[in-house]
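Inspection log for the structure reproduced underneath, given as structure tokens.
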Amino acid sequence: MAVQSILNIGFYNYVLSDKINALVSSDSAPMKRLIQNLRNSPNLIDATHGRRTKTVIFMNNSTVILCAISQETLAKRLTTGEYDDNEE
């Protein structure tokens with residue numbers, strides 16, 4: 001069985017890193033509209049724990065995940081395999 005790498009997206013939430021399509025900032029108007037349109041959809045997972053959304057994660061299976069950690073930090077975690085607990 002192959003070992004799959006996981007990405008810590010904060011607050012003890014994890015995603016399989018090989019299932020990620022994109023890490024996008026949530027600051028733009030189109031991203032804010034997309035989040036509003038998906039609010040009641042089963043394809044949206046809110047992993048922010050009530051904090052401000054900084055990153056929108058698009059997965060292979062059309063799932064969209066909201067994350068309170070910046071995309072720069074998540075990209076660093078993806079490439080190095082490390083993470084900083086102080087970010088949470």
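We name chains A, B, ... following the order of the structure tokens; residues begin at 1 in each chain, and ligands are numbered from 1 as shown.
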
Spatial neighbours of Val15 of chain A, 7 Å, only C-alpha atoms, chain gap at least 4 places, as a PyMOL selection string | chain A and resi 6-8

Per DSSP on the backbone, filter chain A down to the residues in strand (DSSP E or B) and report them as a CSV table (one decimal) with C-alpha atoms, in the first residue's frame.
```csv
chain,number,residue,atom,x,y,z
A,6,ILE,CA,-1.4,14.8,3.6
A,7,LEU,CA,-1.5,18.6,4.1
A,8,ASN,CA,-2.3,20.2,7.4
A,9,ILE,CA,-4.8,23.0,6.6
A,10,GLY,CA,-5.1,24.1,10.2
A,13,ASN,CA,-7.9,19.4,9.5
A,14,TYR,CA,-6.0,17.6,6.7
A,15,VAL,CA,-6.4,17.0,3.0
A,16,LEU,CA,-4.7,14.5,0.7
A,20,ILE,CA,-5.4,19.3,-4.7
A,21,ASN,CA,-5.9,21.2,-7.9
A,22,ALA,CA,-5.4,24.8,-6.8
A,23,LEU,CA,-4.8,27.1,-3.8
A,24,VAL,CA,-6.4,30.4,-4.5
A,25,SER,CA,-6.6,33.6,-2.4
A,44,LEU,CA,-18.2,23.2,0.2
A,45,ILE,CA,-16.3,22.4,3.3
A,46,ASP,CA,-15.6,25.2,5.7
A,55,THR,CA,-7.5,30.4,1.0
A,56,VAL,CA,-9.9,28.6,-1.2
A,57,ILE,CA,-8.7,25.0,-2.0
A,58,PHE,CA,-10.0,23.3,-5.1
A,59,MET,CA,-10.0,19.5,-5.0
A,64,VAL,CA,-14.1,23.4,-2.5
A,65,ILE,CA,-12.5,23.9,1.0
A,66,LEU,CA,-12.3,27.2,2.8
A,67,CYS,CA,-9.1,27.6,4.9
```

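Looking only at segment 3-85 of chain A, the set that DSSP places in alpha helix (DSSP H) from backbone geometry is Ala29, Pro30, Met31, Lys32, Arg33, Leu34, Ile35, Gln36, Asn37, Leu38, Gln71, Glu72, Thr73, Leu74, Ala75, Lys76, Arg77, Leu78, Thr79 and Thr80 of chain A.
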
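Here the question is which of A:Thr48, A:Asn37, A:Asn60, A:Ser17 gets nearest to Leu78 of chain A using only C-alpha atoms, and that residue is A:Ser17.
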